[in-house]
Amino acid sequence: MTHDRKAVVVGGGIGGLTAAVALRRRGWDATVLERAASLEPVGAGLALAPNAVRALDSIGPGDPVRDLAALQGPVGLRRPDGRWLVRGDASMVGPEPTVLLHRPQLVDLLRGALDDGAVRLGTTVTGVDPGGPAERATVRVRARDDEEAELSADVVVAADGIDSPVRTALFPGHPGPVYAGVTAWRFVTPEPVAVEPAETWGRGSVVGLTPLADGRVYCYLTATLPEGTRFTDEIGELQRRFGHWHPPLRALLDGLDPAALLHHDLRWLKEPLPRYDVGRVALLGDAAHAMPPNLGQGGAQAIEDAVVLAARLRGTPSGGDLVSPALAAYTAARKGRTQRVARMSAQVGAATTWRSPLLVSARDLGMRAVGRWVLPRAARRLDWILDWHPPA
Ligand SMILES: Cc1cc2nc3c(=O)[nH]c(=O)nc-3n(C[C@H](O)[C@H](O)[C@H](O)COP(=O)(O)OP(=O)(O)OC[C@H]3O[C@@H](n4cnc5c(N)ncnc54)[C@H](O)[C@@H]3O)c2cc1C
């Protein structure tokens with residue numbers, strides 16, 4: 001396969017790596033530029049919904065992902081005292097399971113599908129000239145202490161995350177991400193722990209416990225706090241907030257290594273972008289449509305974007321004027337869907353942010369009474385997201 005068409009991918013997250021794998025399979029020479037010195041050194045769990053796994057199937061790593069993943073088995077909803085509000089299994093929420101894996105495993109798989117040298121770490125993109133129908137795009141890069149250098153490319157894929165510098169440069173009037181009102185901590189236990197998978201809803205807080213394939217447990221904890229709230233002793237604060245919740249939370253928090261704890265405010269692009277392409281630049285993943293993680297679809301949509309983008313660029317000759325129409329077709333294929341998923345993600349978390357004891361009691365009573373009936377019906381509202389198939 002010849003690689004005379006050159007793509008530069010800005011960002012080596014899930015979206016950027018998937019884009020590079022997909023483009024290479026379509027005959028492109030794709031190079032990933034990542035400013036960090038290593039890819040995803042500290043990891044959390046990642047739920048990959050069936051739409052994302054199907055997208056990975058279409059470019060190769062679907063089965064290896066399934067081999068590494070835990071299939072979503074039992075699902076349940078609890079109160080902080082441990083009482084079950086709903087207890088069931090994954091068939092309640094859909095015919096195909098969501099798979100759960102350790103994020104760095106997916107990153108390793110994608111990286112392993114690329115040639116040596118296709119990922120340049122420690123390389124920061126400092127500017128992009130989007131070019132146009134008749135001229136290639138230019139990317140300015142700085143690698144560690146080196147001088148700034150320029151690369152030219154038929155296509156630039158901006159997969160540089162929620163704070164995307166490329167988006168800021170191309171859409172200077174866009175307000176950027178806004179806070180969703182919730183902050184989240186995540187960690188993976190160093191050793192296997194026996195837990196029954198469930199989400200536990202408190203007053204303005206949620207805890208999720210999900211076993212990975214090797215028995216370690218992915219735990220996420222959320223709280224409704226003002227944006228930017230940080231604590232000198234983050235683990236101490238988690239023990240204070242969640243240590244009295246049902247077992248084994250206290251034990252998990254007591255043994256936690258601070259270096260294994262991730263803490264992020266949840267933000268999203270509430271103001272949608274008008275398009276995902278400018279000249280020869282295509283934006284994808286969080287750079288294009290960051291969303292709150294309530295539906296577990298941010299990474300999944302980044303993977304879908306990457307696969308669709310590569311499909312639209314298939315057969316596009318180097319140096320010709322067909323890249324811009326292919327990128328416009330990519331925007332047309334992805335904008336409506338991804339922005340609808342983002343809006344829905346922002347809406348579905350509302351009941352978990354309630355703090356009023358009255359509202360919370362009513363919510364819990366309702367879930368106990370009709371949860372087994374409500375959950376499958378709520379899940380059907382996601383069919384249009386989960387039933388997605390990649391382009392042939
Ligand atoms: C708490 C939480 C839980 C989540 N759970 C799930 C889940 O279960 N399932 C799911 O599908 N999604 C989930 N998501 C969403 C998912 O993590 C993101 O949507 C996904 O990681 C976005 O990938 P990306 O490649 O677009 O961006 P990122 O992963 O942010 O990657 C961007 C990369 O670009 C690099 N970069 C930035 N600027 C430059 C530059 N100038 N030069 C070079 N490199 C640069 C960054 O270093 C980074 O590596 C969750 C998100 C959160 C916050």
# chains A, B, ... in the order shown; residues from 1 in each chain; ligands from 1
call {"tool": "residues_around", "arguments": {"residues": "Phe171 in chain A", "least_positions_apart": "5", "cutoff": "10 Å", "atoms": "only C-alpha atoms", "output": "list in words"}}
result
Pro165, Val166, Gly176, Leu273, Pro274, Arg275 and Val278 of chain A
call {"tool": "write_last_selection", "arguments": {"atoms": "N, CA, C and O atoms", "output": "PDB file, in the first residue's frame"}}
result
ATOM      1  N   PRO A 165      -6.225  23.613  21.417  1.00  0.00           N
ATOM      2  CA  PRO A 165      -5.651  24.860  20.915  1.00  0.00           C
ATOM      3  C   PRO A 165      -5.993  25.095  19.437  1.00  0.00           C
ATOM      4  O   PRO A 165      -6.145  26.240  19.013  1.00  0.00           O
ATOM      5  N   VAL A 166      -6.130  23.990  18.664  1.00  0.00           N
ATOM      6  CA  VAL A 166      -6.447  24.174  17.240  1.00  0.00           C
ATOM      7  C   VAL A 166      -7.860  24.761  17.097  1.00  0.00           C
ATOM      8  O   VAL A 166      -8.089  25.696  16.315  1.00  0.00           O
ATOM      9  N   GLY A 176     -15.779  28.151  24.064  1.00  0.00           N
ATOM     10  CA  GLY A 176     -15.031  27.036  24.674  1.00  0.00           C
ATOM     11  C   GLY A 176     -15.881  26.261  25.670  1.00  0.00           C
ATOM     12  O   GLY A 176     -17.092  26.487  25.794  1.00  0.00           O
ATOM     13  N   LEU A 273     -20.124  23.724  17.882  1.00  0.00           N
ATOM     14  CA  LEU A 273     -19.332  24.323  16.803  1.00  0.00           C
ATOM     15  C   LEU A 273     -20.187  24.372  15.538  1.00  0.00           C
ATOM     16  O   LEU A 273     -20.985  23.454  15.291  1.00  0.00           O
ATOM     17  N   PRO A 274     -20.000  25.384  14.693  1.00  0.00           N
ATOM     18  CA  PRO A 274     -20.796  25.446  13.458  1.00  0.00           C
ATOM     19  C   PRO A 274     -20.406  24.364  12.453  1.00  0.00           C
ATOM     20  O   PRO A 274     -21.192  23.960  11.616  1.00  0.00           O
ATOM     21  N   ARG A 275     -19.174  23.924  12.485  1.00  0.00           N
ATOM     22  CA  ARG A 275     -18.714  22.843  11.597  1.00  0.00           C
ATOM     23  C   ARG A 275     -17.467  22.196  12.185  1.00  0.00           C
ATOM     24  O   ARG A 275     -16.844  22.764  13.089  1.00  0.00           O
ATOM     25  N   VAL A 278     -12.258  23.024   8.679  1.00  0.00           N
ATOM     26  CA  VAL A 278     -11.853  24.350   8.194  1.00  0.00           C
ATOM     27  C   VAL A 278     -10.676  24.098   7.261  1.00  0.00           C
ATOM     28  O   VAL A 278      -9.655  23.550   7.696  1.00  0.00           O
TER      29      VAL A 278
END
call {"tool": "residues_near_ligand", "arguments": {"ligand": "ligand 1", "cutoff": "6 Å", "atoms": "only C-alpha atoms and all ligand atoms", "output": "PyMOL selection string"}}
result
chain A and resi 10-16+33-36+46-48+123-126+159-162+164-165+184+266+285-287+293+296-300+302
call {"tool": "residues_around", "arguments": {"residues": "Phe231 in chain A", "least_positions_apart": "6", "cutoff": "12 Å", "atoms": "only C-alpha atoms", "output": "NGL selection string"}}
result
:A and (225 or 237-238 or 240 or 263)
call {"tool": "closest_atom_pairs", "arguments": {"of": "range 9-70 of chain A", "to": "range 318-333 of chain A", "cutoff": "12 Å", "atoms": "only C-alpha atoms", "output": "CSV"}}
result
residue,atom,partner,partner_atom,distance
A:Gly27,CA,A:Ser318,CA,11.1
A:Trp28,CA,A:Ser318,CA,9.5
A:Asp29,CA,A:Ser318,CA,10.8
call {"tool": "closest_atom_pairs", "arguments": {"of": "range 177-249 of chain A", "to": "range 76-85 of chain A", "cutoff": "6 Å", "atoms": "only C-alpha atoms", "output": "CSV"}}
result
residue,atom,partner,partner_atom,distance
A:Ala198,CA,A:Gly76,CA,4.5
A:Glu199,CA,A:Leu77,CA,5.0
A:Thr200,CA,A:Arg78,CA,4.5
A:Trp201,CA,A:Arg79,CA,5.6
A:Gly202,CA,A:Pro80,CA,5.8
A:Trp245,CA,A:Pro80,CA,4.8
A:His246,CA,A:Gly82,CA,4.9
call {"tool": "write_last_selection", "arguments": {"atoms": "N, CA and C atoms", "output": "CSV table (one decimal), in the first residue's frame"}}
result
chain,number,residue,atom,x,y,z
A,198,ALA,N,-22.3,-1.8,40.5
A,198,ALA,CA,-23.4,-1.0,40.8
A,198,ALA,C,-23.1,0.5,40.8
A,199,GLU,N,-24.1,1.3,40.6
A,199,GLU,CA,-23.9,2.8,40.8
A,199,GLU,C,-24.7,3.1,42.1
A,200,THR,N,-24.1,3.9,42.9
A,200,THR,CA,-24.8,4.3,44.2
A,200,THR,C,-25.1,5.8,44.2
A,201,TRP,N,-26.3,6.1,44.4
A,201,TRP,CA,-26.7,7.5,44.3
A,201,TRP,C,-27.0,8.1,45.7
A,202,GLY,N,-26.2,9.2,46.0
A,202,GLY,CA,-26.5,9.9,47.3
A,202,GLY,C,-27.1,11.2,47.0
A,245,TRP,N,-20.2,5.3,53.3
A,245,TRP,CA,-21.0,4.6,52.3
A,245,TRP,C,-20.8,3.1,52.4
A,246,HIS,N,-21.6,2.4,51.7
A,246,HIS,CA,-21.5,0.9,51.9
A,246,HIS,C,-20.2,0.3,51.5
call {"tool": "residues_around", "arguments": {"residues": "Arg136 in chain A", "least_positions_apart": "3", "cutoff": "6 Å", "atoms": "only C-alpha atoms", "output": "list in words"}}
result
Gly131, Ala153 and Asp154 of chain A
call {"tool": "residues_around", "arguments": {"residues": "Val21 in chain A", "least_positions_apart": "6", "cutoff": "9 Å", "atoms": "only C-alpha atoms", "output": "MDAnalysis selection string"}}
result
chainID A and resid 30 59:60 110:111 113:114 306:307
call {"tool": "closest_residue", "arguments": {"among": "A:Gly204, A:Leu262, A:Tyr276, A:Val86", "to": "Gly366 in chain A", "atoms": "only C-alpha atoms"}}
result
A:Val86
call {"tool": "closest_residue", "arguments": {"among": "A:Ile303, A:Gln239, A:Ala134, A:Asp277", "to": "His389 in chain A", "atoms": "only C-alpha atoms"}}
result
A:Ile303
call {"tool": "residues_around", "arguments": {"residues": "Ala169 in chain A", "least_positions_apart": "4", "cutoff": "10 Å", "atoms": "only C-alpha atoms", "output": "JSON, numbers by chain"}}
result
{"A": [127, 128, 129, 164, 165, 173, 174]}
call {"tool": "write_last_selection", "arguments": {"atoms": "N, CA, C and O atoms", "output": "PDB file, in the first residue's frame"}}
result
ATOM      1  N   GLY A 127       0.951  25.790  16.172  1.00  0.00           N
ATOM      2  CA  GLY A 127       0.114  26.556  15.238  1.00  0.00           C
ATOM      3  C   GLY A 127      -0.271  25.714  14.042  1.00  0.00           C
ATOM      4  O   GLY A 127       0.436  24.762  13.708  1.00  0.00           O
ATOM      5  N   VAL A 128      -1.403  26.044  13.452  1.00  0.00           N
ATOM      6  CA  VAL A 128      -1.852  25.323  12.256  1.00  0.00           C
ATOM      7  C   VAL A 128      -2.368  26.343  11.255  1.00  0.00           C
ATOM      8  O   VAL A 128      -3.170  27.206  11.593  1.00  0.00           O
ATOM      9  N   ASP A 129      -1.867  26.245  10.011  1.00  0.00           N
ATOM     10  CA  ASP A 129      -2.459  27.022   8.916  1.00  0.00           C
ATOM     11  C   ASP A 129      -3.303  26.033   8.119  1.00  0.00           C
ATOM     12  O   ASP A 129      -2.770  25.073   7.561  1.00  0.00           O
ATOM     13  N   SER A 164      -8.786  22.067  23.150  1.00  0.00           N
ATOM     14  CA  SER A 164      -8.132  22.117  21.842  1.00  0.00           C
ATOM     15  C   SER A 164      -7.557  23.477  21.433  1.00  0.00           C
ATOM     16  O   SER A 164      -8.300  24.412  21.100  1.00  0.00           O
ATOM     17  N   PRO A 165      -6.225  23.613  21.417  1.00  0.00           N
ATOM     18  CA  PRO A 165      -5.651  24.860  20.915  1.00  0.00           C
ATOM     19  C   PRO A 165      -5.993  25.095  19.437  1.00  0.00           C
ATOM     20  O   PRO A 165      -6.145  26.240  19.013  1.00  0.00           O
ATOM     21  N   GLY A 173     -14.028  33.035  18.065  1.00  0.00           N
ATOM     22  CA  GLY A 173     -15.214  33.583  18.734  1.00  0.00           C
ATOM     23  C   GLY A 173     -15.942  32.556  19.581  1.00  0.00           C
ATOM     24  O   GLY A 173     -16.883  32.901  20.315  1.00  0.00           O
ATOM     25  N   HIS A 174     -15.532  31.300  19.509  1.00  0.00           N
ATOM     26  CA  HIS A 174     -16.256  30.254  20.249  1.00  0.00           C
ATOM     27  C   HIS A 174     -15.921  30.352  21.735  1.00  0.00           C
ATOM     28  O   HIS A 174     -14.757  30.491  22.109  1.00  0.00           O
TER      29      HIS A 174
END
call {"tool": "residues_around", "arguments": {"residues": "Tyr218 in chain A", "least_positions_apart": "2", "cutoff": "7 Å", "atoms": "only C-alpha atoms", "output": "PyMOL selection string"}}
result
chain A and resi 44-45+187-189+209-212+216+220
call {"tool": "write_last_selection", "arguments": {"atoms": "C-alpha atoms", "output": "PDB file, in the first residue's frame"}}
result
ATOM      1  CA  ALA A  44      -9.004   4.878  34.650  1.00  0.00           C
ATOM      2  CA  GLY A  45     -11.615   2.475  33.411  1.00  0.00           C
ATOM      3  CA  PHE A 187      -9.097   5.325  40.169  1.00  0.00           C
ATOM      4  CA  VAL A 188      -8.425   1.663  39.489  1.00  0.00           C
ATOM      5  CA  THR A 189      -7.578  -0.558  42.454  1.00  0.00           C
ATOM      6  CA  LEU A 209     -17.922   0.360  41.096  1.00  0.00           C
ATOM      7  CA  THR A 210     -17.129  -1.759  38.058  1.00  0.00           C
ATOM      8  CA  PRO A 211     -14.889  -4.832  37.928  1.00  0.00           C
ATOM      9  CA  LEU A 212     -12.355  -5.055  35.086  1.00  0.00           C
ATOM     10  CA  ARG A 216      -9.318  -5.004  39.638  1.00  0.00           C
ATOM     11  CA  TYR A 220     -15.635   6.768  40.009  1.00  0.00           C
TER      12      TYR A 220
END
call {"tool": "closest_residue", "arguments": {"among": "A:Ala137, A:Ala259, A:Ala22, A:Leu106", "to": "Asp67 in chain A", "atoms": "only C-alpha atoms"}}
result
A:Leu106
call {"tool": "atom_distance", "arguments": {"atom1": "CA of Asp145 in chain A", "atom2": "CA of Ala37 in chain A"}}
result
13.0 Å
call {"tool": "closest_residue", "arguments": {"among": "A:Gly122, A:Pro226, A:Pro272, A:Gly349", "to": "Leu295 in chain A", "atoms": "only C-alpha atoms"}}
result
A:Gly349
call {"tool": "decode", "arguments": {"residues": "range 164-195 of chain A", "atoms": "N, CA and C atoms", "output": "short mmCIF file (atom, residue, chain, number, x, y, z; two decimals), in the first residue's frame"}}
result
data_model
loop_
_atom_site.label_atom_id
_atom_site.label_comp_id
_atom_site.auth_asym_id
_atom_site.auth_seq_id
_atom_site.Cartn_x
_atom_site.Cartn_y
_atom_site.Cartn_z
N SER A 164 -8.79 22.07 23.15
CA SER A 164 -8.13 22.12 21.84
C SER A 164 -7.56 23.48 21.43
N PRO A 165 -6.23 23.61 21.42
CA PRO A 165 -5.65 24.86 20.91
C PRO A 165 -5.99 25.10 19.44
N VAL A 166 -6.13 23.99 18.66
CA VAL A 166 -6.45 24.17 17.24
C VAL A 166 -7.86 24.76 17.10
N ARG A 167 -8.81 24.26 17.91
CA ARG A 167 -10.18 24.81 17.84
C ARG A 167 -10.17 26.30 18.20
N THR A 168 -9.42 26.64 19.25
CA THR A 168 -9.37 28.05 19.67
C THR A 168 -8.84 28.92 18.55
N ALA A 169 -7.83 28.42 17.82
CA ALA A 169 -7.25 29.22 16.74
C ALA A 169 -8.21 29.34 15.55
N LEU A 170 -8.93 28.26 15.25
CA LEU A 170 -9.78 28.27 14.06
C LEU A 170 -11.15 28.90 14.33
N PHE A 171 -11.59 28.85 15.58
CA PHE A 171 -12.91 29.43 15.94
C PHE A 171 -12.70 30.41 17.10
N PRO A 172 -12.02 31.54 16.84
CA PRO A 172 -11.65 32.43 17.95
C PRO A 172 -12.86 32.99 18.70
N GLY A 173 -14.03 33.03 18.06
CA GLY A 173 -15.21 33.58 18.73
C GLY A 173 -15.94 32.56 19.58
N HIS A 174 -15.53 31.30 19.51
CA HIS A 174 -16.26 30.25 20.25
C HIS A 174 -15.92 30.35 21.74
N PRO A 175 -16.96 30.25 22.62
CA PRO A 175 -16.67 30.45 24.05
C PRO A 175 -15.90 29.30 24.71
N GLY A 176 -15.78 28.15 24.06
CA GLY A 176 -15.03 27.04 24.67
C GLY A 176 -15.88 26.26 25.67
N PRO A 177 -15.24 25.34 26.41
CA PRO A 177 -16.02 24.46 27.29
C PRO A 177 -16.57 25.19 28.52
N VAL A 178 -17.69 24.68 29.04
CA VAL A 178 -18.25 25.22 30.27
C VAL A 178 -18.36 24.09 31.29
N TYR A 179 -18.41 24.48 32.56
CA TYR A 179 -18.50 23.51 33.67
C TYR A 179 -19.91 22.93 33.72
N ALA A 180 -19.98 21.60 33.91
CA ALA A 180 -21.29 20.93 34.00
C ALA A 180 -21.81 20.89 35.44
N GLY A 181 -21.08 21.47 36.40
CA GLY A 181 -21.56 21.56 37.78
C GLY A 181 -21.13 20.39 38.65
N VAL A 182 -20.38 19.46 38.08
CA VAL A 182 -20.03 18.23 38.81
C VAL A 182 -18.53 17.99 38.66
N THR A 183 -17.91 17.56 39.77
CA THR A 183 -16.49 17.20 39.70
C THR A 183 -16.36 15.69 39.91
N ALA A 184 -15.35 15.06 39.31
CA ALA A 184 -15.27 13.58 39.35
C ALA A 184 -13.86 13.11 39.68
N TRP A 185 -13.82 12.11 40.55
CA TRP A 185 -12.56 11.42 40.87
C TRP A 185 -12.64 10.02 40.28
N ARG A 186 -11.50 9.50 39.83
CA ARG A 186 -11.48 8.13 39.28
C ARG A 186 -10.21 7.43 39.72
N PHE A 187 -10.31 6.13 39.94
CA PHE A 187 -9.10 5.32 40.17
C PHE A 187 -9.40 3.87 39.85
N VAL A 188 -8.32 3.11 39.67
CA VAL A 188 -8.43 1.66 39.49
C VAL A 188 -7.66 1.03 40.63
N THR A 189 -8.26 0.06 41.32
CA THR A 189 -7.58 -0.56 42.45
C THR A 189 -6.34 -1.31 41.95
N PRO A 190 -5.26 -1.34 42.76
CA PRO A 190 -4.05 -2.03 42.29
C PRO A 190 -4.22 -3.55 42.26
N GLU A 191 -5.13 -4.07 43.08
CA GLU A 191 -5.33 -5.53 43.19
C GLU A 191 -6.79 -5.86 42.94
N PRO A 192 -7.07 -7.13 42.60
CA PRO A 192 -8.47 -7.53 42.46
C PRO A 192 -9.24 -7.35 43.77
N VAL A 193 -10.48 -6.95 43.66
CA VAL A 193 -11.38 -6.80 44.82
C VAL A 193 -12.74 -7.35 44.40
N ALA A 194 -13.38 -8.09 45.31
CA ALA A 194 -14.71 -8.62 44.97
C ALA A 194 -15.74 -7.52 45.20
N VAL A 195 -16.41 -7.09 44.13
CA VAL A 195 -17.50 -6.12 44.29
C VAL A 195 -18.65 -6.53 43.39
#
